[in-house]
Each structure stands twice: as structure tokens, then as C-alpha cells.
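> Have a look at the structure that comes next, please.
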Amino acid sequence: MAGSLERRITNMAEIMNEELLLTQEGYDKIVKEHEELVSVKRAEVAERLKEAISYGDISENAEYDSAKNEQAELEEKIHKLETMIRKAKIVQEEDVKGDVVNVGLKVTVKDLDTNEEETFAIVGATESDPFNGKISTESSVGKTLIGHKKGDKVIVEIPDGFIKLRSRRNFQVRRKRCSNCIGQKR
């Protein structure tokens with residue numbers, strides 16, 4: 001049990017010291033959510049807490065316990081958002097070069113087995129939304145693509161096996177093994 005707690009504390013310390021890559025859109029979304037929680041939700045929870053206290057004896061007051069729990073969860077969420085805002089590094093458009101995959105760029109991949117194409121944006125972990133075309137720099141595909149240029153071959157390990165990517169104008173995807181690709185496990 002103590003080992004688990006130590007690992008969580010260590011992981012949290014690592015997270016607290018890491019830079020958080022965000023697009024301007026992602027940063028603005030976090031700031032907006034923080035402002036909403038601080039200015040609106042905090043007041044609502046405080047009002048519920050005040051009302052629960054007005055019922056008298058708080059030792060067996062379910063409304064009071066519920067409001068205190070909600071307050072604790074809210075404050076934790078606010079703290080996390082504040083940490084994210086402090087650690088945020090906004091990727092500026094002028095820092096992103098179109099010839100190298102990086103946060104903030106859109107990438108088109110083509111599955112060479114099915115000839116299906118898919119376009120997605122490379123975003124920071126907190127902005128990830130694969131169903132809306134946003135993949136994280138921490139995902140296996142995003143992590144592998146970052147920093148690669150036109151003409152590079154890479155292998156991405158996925159749960160179903162491997163994806164072979166070759167950059168041309170767009171990244172080409174093939175679900176086969178590649179003997180001379182970067183990242184291939186031997």
C-alpha cells in the first residue's frame with residue numbers, strides 16, 4: 001500500500017514538473033473552464049454548504065457531507081487547472097514548421113492496405129480527442145510521428161500490431177513490418 005502511494009506521489013511530482021504542450025485553443029479552453037469553476041461553481045457550492053449548515057446539527061447531516069465532498073472535488077479540479085495553466089507551453093504557429101510533424105499541425109495518413117485516408121491534428125495530451133480528429137503527442141502514433149520529416153519511415157506499435165508510416169506529401173500508413181524503419185523492435 002505504501003509503495004503504491006509513493007508511486008502516485010512520484011508520478012504527481014513528475015507531472016507537476018513537466019511542461020504541458022498546448023495549442024492556443026486548448027489553453028483558452030482550460031482558462032475558460034477555470035474561470036467558470038472559480039466564479040460560478042465555487043459560489044454555488046458555497047451556497048449549498050451554507051444552506052446545509054442552516055439545518056443545524058452537522059454531525060449527521062447528509063446535505064452537509066454532500067456539499068463538503070462537492071467542495072473538495074471542486075477545489076481539487078481548480079488546483080489541477082491552475083497547475084496546467086502554470087505549466088502550459090503554448091505552441092505558437094511561427095514555431096511550427098510544416099515540413100516536420102509537431103504539436104499544432106494536421107497530418108494526413110493513408111492506410112496502404114485499404115487506401116483510406118485520415119487527417120488529424122497533433123495536440124497536447126489534455127486536448128486529445130481522437131473521435132474529433134485530435135491525437136495526443138503521448139499516443140503511440142503521435143509520439144512516433146513527432147519530429148519526423150518528409151521521406152522518413154517509421155513504425156508505430158499499436159495494440160493490433162504495427163503501422164508502417166512513410167512521409168511523402170502526407171504520411172503513408174501500411175500495416176506491415178518494415179525491416180529498415182526507425183522504431184522497429186527486433
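Ordering of the C-alpha cells sets the chain letters (A, B, ...), residue numbers begin anew at 1 in every chain, and ligands are numbered from 1 in the order given.
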Which residues are near A:Gly133? Cut-off 7 Å, only C-alpha atoms, ignore same chain within fewer than 4 positions. Put them as a list in words.

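Using only C-alpha atoms, the neighbours found are Thr119, Phe120, Ala121 and Asp129 of chain A.
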
> Could you find all residues in stretch 51-145 of chain A that DSSP calls alpha helix (DSSP H) from the backbone, and write them as number ranges by chain?

A: 51-54, 62-87, 140-145

> Rank nothing, just name the residue among A:Ser140, A:Glu44, A:Gln92, A:Glu82 nearest to A:Lys32, using only C-alpha atoms.

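Checking each of A:Ser140, A:Glu44, A:Gln92, A:Glu82 against A:Lys32, counting only C-alpha atoms, the winner is A:Glu82.
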
> Between A:Leu21, A:Ala67, A:Ile30, A:Leu145, which residue has the minimum interatomic distance to A:Ile85, considering only C-alpha atoms?

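Answer, going by the shortest atom-to-atom distance: A:Ile30.
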
> Applying 9 Å and only C-alpha atoms, which residues near A:Ile135 remain after dropping the ones on its own chain fewer than 3 positions away? List them as an MDAnalysis selection string.

chainID A and resid 120:125 127:132 138:139 141:142

> Please produce a file of the residues just selected, as a tab-separated table (two decimals), in the first residue's frame, where the atoms kept are all heavy atoms.


chain	number	residue	atom	x	y	z
A	120	PHE	N	-5.71	14.19	-39.05
A	120	PHE	CA	-5.86	14.52	-37.64
A	120	PHE	C	-4.85	15.57	-37.26
A	120	PHE	O	-3.85	15.76	-37.94
A	120	PHE	CB	-5.74	13.28	-36.75
A	120	PHE	CG	-4.53	12.42	-37.05
A	120	PHE	CD1	-3.29	12.74	-36.54
A	120	PHE	CD2	-4.66	11.30	-37.83
A	120	PHE	CE1	-2.18	11.96	-36.81
A	120	PHE	CE2	-3.55	10.51	-38.12
A	120	PHE	CZ	-2.31	10.84	-37.60
A	121	ALA	N	-5.14	16.26	-36.18
A	121	ALA	CA	-4.23	17.26	-35.64
A	121	ALA	C	-3.43	16.64	-34.52
A	121	ALA	O	-3.94	15.83	-33.75
A	121	ALA	CB	-5.02	18.45	-35.10
A	122	ILE	N	-2.16	17.01	-34.41
A	122	ILE	CA	-1.32	16.59	-33.31
A	122	ILE	C	-1.48	17.64	-32.21
A	122	ILE	O	-1.24	18.82	-32.44
A	122	ILE	CB	0.17	16.49	-33.72
A	122	ILE	CG1	0.36	15.59	-34.95
A	122	ILE	CG2	1.02	16.05	-32.55
A	122	ILE	CD1	0.18	14.12	-34.71
A	123	VAL	N	-1.93	17.20	-31.03
A	123	VAL	CA	-2.20	18.13	-29.93
A	123	VAL	C	-1.56	17.62	-28.64
A	123	VAL	O	-1.12	16.48	-28.57
A	123	VAL	CB	-3.72	18.31	-29.72
A	123	VAL	CG1	-4.37	18.96	-30.93
A	123	VAL	CG2	-4.40	16.99	-29.38
A	124	GLY	N	-1.54	18.47	-27.62
A	124	GLY	CA	-1.06	18.07	-26.31
A	124	GLY	C	-2.02	17.07	-25.68
A	124	GLY	O	-3.17	16.93	-26.11
A	125	ALA	N	-1.56	16.36	-24.66
A	125	ALA	CA	-2.32	15.28	-24.05
A	125	ALA	C	-3.69	15.72	-23.54
A	125	ALA	O	-4.67	14.98	-23.67
A	125	ALA	CB	-1.53	14.65	-22.91
A	127	GLU	N	-5.65	17.92	-24.72
A	127	GLU	CA	-6.56	18.29	-25.80
A	127	GLU	C	-7.00	17.10	-26.64
A	127	GLU	O	-7.82	17.23	-27.52
A	127	GLU	CB	-5.88	19.29	-26.73
A	127	GLU	CG	-5.50	20.59	-26.08
A	127	GLU	CD	-4.75	21.49	-27.04
A	127	GLU	OE1	-5.41	22.15	-27.86
A	127	GLU	OE2	-3.51	21.50	-26.97
A	128	SER	N	-6.44	15.95	-26.37
A	128	SER	CA	-6.68	14.76	-27.17
A	128	SER	C	-8.17	14.44	-27.27
A	128	SER	O	-8.89	14.44	-26.29
A	128	SER	CB	-5.94	13.57	-26.54
A	128	SER	OG	-6.18	12.41	-27.29
A	129	ASP	N	-8.61	14.19	-28.50
A	129	ASP	CA	-10.00	13.81	-28.77
A	129	ASP	C	-10.01	13.05	-30.10
A	129	ASP	O	-10.35	13.61	-31.15
A	129	ASP	CB	-10.88	15.06	-28.83
A	129	ASP	CG	-12.35	14.72	-28.98
A	129	ASP	OD1	-12.71	13.53	-29.06
A	129	ASP	OD2	-13.16	15.67	-29.01
A	130	PRO	N	-9.61	11.77	-30.08
A	130	PRO	CA	-9.45	11.01	-31.32
A	130	PRO	C	-10.71	10.96	-32.18
A	130	PRO	O	-10.62	10.92	-33.40
A	130	PRO	CB	-9.07	9.60	-30.84
A	130	PRO	CG	-8.67	9.74	-29.43
A	130	PRO	CD	-9.29	10.98	-28.89
A	131	PHE	N	-11.88	10.97	-31.55
A	131	PHE	CA	-13.12	10.90	-32.32
A	131	PHE	C	-13.41	12.19	-33.08
A	131	PHE	O	-14.24	12.22	-33.97
A	131	PHE	CB	-14.30	10.53	-31.42
A	131	PHE	CG	-14.14	9.16	-30.81
A	131	PHE	CD1	-13.86	9.01	-29.47
A	131	PHE	CD2	-14.23	8.03	-31.60
A	131	PHE	CE1	-13.69	7.75	-28.91
A	131	PHE	CE2	-14.06	6.76	-31.06
A	131	PHE	CZ	-13.79	6.62	-29.72
A	132	ASN	N	-12.70	13.27	-32.70
A	132	ASN	CA	-12.84	14.54	-33.41
A	132	ASN	C	-11.54	14.94	-34.11
A	132	ASN	O	-11.28	16.12	-34.32
A	132	ASN	CB	-13.30	15.64	-32.44
A	132	ASN	CG	-14.75	15.46	-32.07
A	132	ASN	OD1	-15.60	15.27	-32.93
A	132	ASN	ND2	-15.04	15.48	-30.78
A	138	GLU	N	1.30	12.05	-26.78
A	138	GLU	CA	1.63	10.91	-25.94
A	138	GLU	C	1.05	9.60	-26.46
A	138	GLU	O	1.36	8.53	-25.94
A	138	GLU	CB	1.17	11.17	-24.50
A	138	GLU	CG	1.92	12.33	-23.88
A	138	GLU	CD	1.48	12.64	-22.47
A	138	GLU	OE1	0.78	11.80	-21.85
A	138	GLU	OE2	1.83	13.72	-21.97
A	139	SER	N	0.20	9.66	-27.49
A	139	SER	CA	-0.32	8.44	-28.09
A	139	SER	C	0.81	7.78	-28.88
A	139	SER	O	1.79	8.42	-29.25
A	139	SER	CB	-1.49	8.76	-29.03
A	139	SER	OG	-1.03	9.44	-30.18
A	141	VAL	N	0.90	6.76	-31.96
A	141	VAL	CA	1.04	7.37	-33.29
A	141	VAL	C	1.65	8.76	-33.17
A	141	VAL	O	2.62	9.09	-33.85
A	141	VAL	CB	-0.31	7.42	-34.04
A	141	VAL	CG1	-0.19	8.20	-35.34
A	141	VAL	CG2	-0.83	6.02	-34.31
A	142	GLY	N	1.09	9.59	-32.29
A	142	GLY	CA	1.59	10.96	-32.12
A	142	GLY	C	3.04	10.99	-31.69
A	142	GLY	O	3.85	11.74	-32.24

> Any idea what the distance is between atom CA of A:Ser54 and atom CA of A:Ser39?

23.2 Å

> Mind giving me the straight-line distance from atom CA of A:Lys149 to atom CA of A:Val101 in Å, one decimal?

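Between atom CA of A:Lys149 and atom CA of A:Val101 the gap is 6.8 Å.
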
> Going by DSSP on the backbone, which bits of stretch 35-127 of chain A are strand (DSSP E)? Write them as an MDAnalysis selection string, please.

chainID A and resid 88:90 106:111 117:123

> Please produce an output containing all heavy atoms for each residue in the selection, written as a CSV table (one decimal), in the first residue's frame.


chain,number,residue,atom,x,y,z
A,88,ALA,N,1.7,25.3,-18.7
A,88,ALA,CA,1.4,25.3,-20.1
A,88,ALA,C,2.5,26.0,-20.9
A,88,ALA,O,3.1,27.0,-20.6
A,88,ALA,CB,0.1,26.1,-20.4
A,89,LYS,N,2.8,25.4,-22.0
A,89,LYS,CA,3.7,26.0,-23.1
A,89,LYS,C,2.8,26.0,-24.3
A,89,LYS,O,2.5,24.9,-24.9
A,89,LYS,CB,5.0,25.2,-23.3
A,89,LYS,CG,5.8,25.8,-24.4
A,89,LYS,CD,7.1,25.0,-24.7
A,89,LYS,CE,7.9,25.8,-25.7
A,89,LYS,NZ,8.4,25.0,-26.7
A,90,ILE,N,2.5,27.2,-24.7
A,90,ILE,CA,1.6,27.3,-25.9
A,90,ILE,C,2.5,27.2,-27.2
A,90,ILE,O,3.5,28.0,-27.3
A,90,ILE,CB,0.8,28.6,-25.9
A,90,ILE,CG1,-0.1,28.6,-24.6
A,90,ILE,CG2,0.0,28.8,-27.2
A,90,ILE,CD1,-0.7,30.0,-24.4
A,106,LYS,N,-1.6,19.6,-38.7
A,106,LYS,CA,-2.5,18.5,-39.1
A,106,LYS,C,-1.7,17.6,-40.0
A,106,LYS,O,-0.8,18.0,-40.8
A,106,LYS,CB,-3.7,19.1,-39.9
A,106,LYS,CG,-4.7,19.8,-39.1
A,106,LYS,CD,-6.0,20.0,-39.8
A,106,LYS,CE,-7.0,20.6,-38.8
A,106,LYS,NZ,-8.3,20.8,-39.4
A,107,VAL,N,-2.0,16.3,-39.9
A,107,VAL,CA,-1.2,15.2,-40.6
A,107,VAL,C,-2.3,14.4,-41.3
A,107,VAL,O,-3.3,14.0,-40.7
A,107,VAL,CB,-0.4,14.4,-39.6
A,107,VAL,CG1,0.3,13.3,-40.4
A,107,VAL,CG2,0.6,15.3,-38.9
A,108,THR,N,-2.0,14.0,-42.5
A,108,THR,CA,-2.9,13.1,-43.3
A,108,THR,C,-2.1,11.8,-43.4
A,108,THR,O,-1.0,11.8,-43.8
A,108,THR,CB,-3.3,13.6,-44.6
A,108,THR,OG1,-4.0,14.9,-44.5
A,108,THR,CG2,-4.2,12.7,-45.4
A,109,VAL,N,-2.8,10.7,-43.1
A,109,VAL,CA,-2.2,9.4,-43.2
A,109,VAL,C,-3.1,8.6,-44.2
A,109,VAL,O,-4.3,8.8,-44.3
A,109,VAL,CB,-2.0,8.6,-41.9
A,109,VAL,CG1,-1.0,9.3,-41.0
A,109,VAL,CG2,-3.3,8.5,-41.2
A,110,LYS,N,-2.4,7.7,-44.9
A,110,LYS,CA,-3.1,6.8,-45.8
A,110,LYS,C,-2.8,5.4,-45.5
A,110,LYS,O,-1.6,5.0,-45.4
A,110,LYS,CB,-2.8,7.1,-47.3
A,110,LYS,CG,-3.5,6.3,-48.3
A,110,LYS,CD,-3.1,6.7,-49.7
A,110,LYS,CE,-3.9,5.9,-50.7
A,110,LYS,NZ,-3.5,6.3,-52.1
A,111,ASP,N,-3.8,4.5,-45.2
A,111,ASP,CA,-3.6,3.1,-45.0
A,111,ASP,C,-3.3,2.5,-46.4
A,111,ASP,O,-4.3,2.5,-47.2
A,111,ASP,CB,-4.8,2.5,-44.3
A,111,ASP,CG,-4.6,1.1,-43.9
A,111,ASP,OD1,-3.9,0.3,-44.7
A,111,ASP,OD2,-5.0,0.7,-42.8
A,117,GLU,N,-7.8,7.3,-46.2
A,117,GLU,CA,-7.0,8.4,-45.7
A,117,GLU,C,-7.7,9.0,-44.4
A,117,GLU,O,-8.9,8.9,-44.3
A,117,GLU,CB,-6.9,9.5,-46.7
A,117,GLU,CG,-5.9,9.2,-47.8
A,117,GLU,CD,-5.6,10.4,-48.7
A,117,GLU,OE1,-6.2,11.5,-48.4
A,117,GLU,OE2,-4.8,10.3,-49.6
A,118,GLU,N,-6.9,9.5,-43.5
A,118,GLU,CA,-7.4,10.1,-42.3
A,118,GLU,C,-6.6,11.3,-42.0
A,118,GLU,O,-5.3,11.2,-42.1
A,118,GLU,CB,-7.4,9.1,-41.1
A,118,GLU,CG,-8.0,9.6,-39.9
A,118,GLU,CD,-8.1,8.6,-38.8
A,118,GLU,OE1,-7.8,7.4,-39.0
A,118,GLU,OE2,-8.5,9.0,-37.7
A,119,THR,N,-7.2,12.4,-41.6
A,119,THR,CA,-6.5,13.6,-41.3
A,119,THR,C,-6.8,13.9,-39.8
A,119,THR,O,-7.9,13.8,-39.3
A,119,THR,CB,-6.9,14.8,-42.1
A,119,THR,OG1,-6.7,14.5,-43.5
A,119,THR,CG2,-6.2,16.1,-41.7
A,120,PHE,N,-5.7,14.2,-39.1
A,120,PHE,CA,-5.9,14.5,-37.6
A,120,PHE,C,-4.8,15.6,-37.3
A,120,PHE,O,-3.8,15.8,-37.9
A,120,PHE,CB,-5.7,13.3,-36.7
A,120,PHE,CG,-4.5,12.4,-37.0
A,120,PHE,CD1,-3.3,12.7,-36.5
A,120,PHE,CD2,-4.7,11.3,-37.8
A,120,PHE,CE1,-2.2,12.0,-36.8
A,120,PHE,CE2,-3.6,10.5,-38.1
A,120,PHE,CZ,-2.3,10.8,-37.6
A,121,ALA,N,-5.1,16.3,-36.2
A,121,ALA,CA,-4.2,17.3,-35.6
A,121,ALA,C,-3.4,16.6,-34.5
A,121,ALA,O,-3.9,15.8,-33.8
A,121,ALA,CB,-5.0,18.4,-35.1
A,122,ILE,N,-2.2,17.0,-34.4
A,122,ILE,CA,-1.3,16.6,-33.3
A,122,ILE,C,-1.5,17.6,-32.2
A,122,ILE,O,-1.2,18.8,-32.4
A,122,ILE,CB,0.2,16.5,-33.7
A,122,ILE,CG1,0.4,15.6,-35.0
A,122,ILE,CG2,1.0,16.0,-32.5
A,122,ILE,CD1,0.2,14.1,-34.7
A,123,VAL,N,-1.9,17.2,-31.0
A,123,VAL,CA,-2.2,18.1,-29.9
A,123,VAL,C,-1.6,17.6,-28.6
A,123,VAL,O,-1.1,16.5,-28.6
A,123,VAL,CB,-3.7,18.3,-29.7
A,123,VAL,CG1,-4.4,19.0,-30.9
A,123,VAL,CG2,-4.4,17.0,-29.4

> Which residues are close to stretch 70-74 of chain A, i.e. within 12 Å by only C-alpha atoms, leaving aside same-chain residues fewer than 6 positions away? Reply as a PDB file with C-alpha atoms, in the first residue's frame.


ATOM      1  CA  GLU A  33     -13.141  26.224 -17.542  1.00  0.00           C
ATOM      2  CA  HIS A  34     -11.045  27.553 -14.622  1.00  0.00           C
ATOM      3  CA  GLU A  36     -16.242  29.143 -14.718  1.00  0.00           C
ATOM      4  CA  LEU A  37     -15.333  26.953 -11.743  1.00  0.00           C
ATOM      5  CA  VAL A  38     -13.887  29.822  -9.694  1.00  0.00           C
ATOM      6  CA  SER A  39     -16.536  32.445 -10.400  1.00  0.00           C
ATOM      7  CA  VAL A  40     -19.720  30.365 -10.716  1.00  0.00           C
ATOM      8  CA  LYS A  41     -19.386  26.829  -9.368  1.00  0.00           C
ATOM      9  CA  ARG A  42     -17.465  27.841  -6.244  1.00  0.00           C
ATOM     10  CA  ALA A  43     -20.269  30.261  -5.280  1.00  0.00           C
ATOM     11  CA  GLU A  44     -22.938  27.608  -5.949  1.00  0.00           C
ATOM     12  CA  VAL A  45     -21.161  25.067  -3.750  1.00  0.00           C
ATOM     13  CA  ALA A  46     -20.636  27.659  -1.004  1.00  0.00           C
ATOM     14  CA  GLU A  47     -24.361  28.436  -1.074  1.00  0.00           C
ATOM     15  CA  ARG A  48     -25.250  24.718  -0.784  1.00  0.00           C
ATOM     16  CA  LEU A  49     -22.822  24.405   2.112  1.00  0.00           C
ATOM     17  CA  LYS A  50     -24.321  27.448   3.855  1.00  0.00           C
ATOM     18  CA  GLU A  63     -26.639  17.543   2.775  1.00  0.00           C
ATOM     19  CA  TYR A  64     -23.642  18.970   4.636  1.00  0.00           C
ATOM     20  CA  LYS A  80      -5.351  20.890 -11.315  1.00  0.00           C
ATOM     21  CA  LEU A  81      -6.423  23.535 -13.819  1.00  0.00           C
TER      22      LEU A  81
END
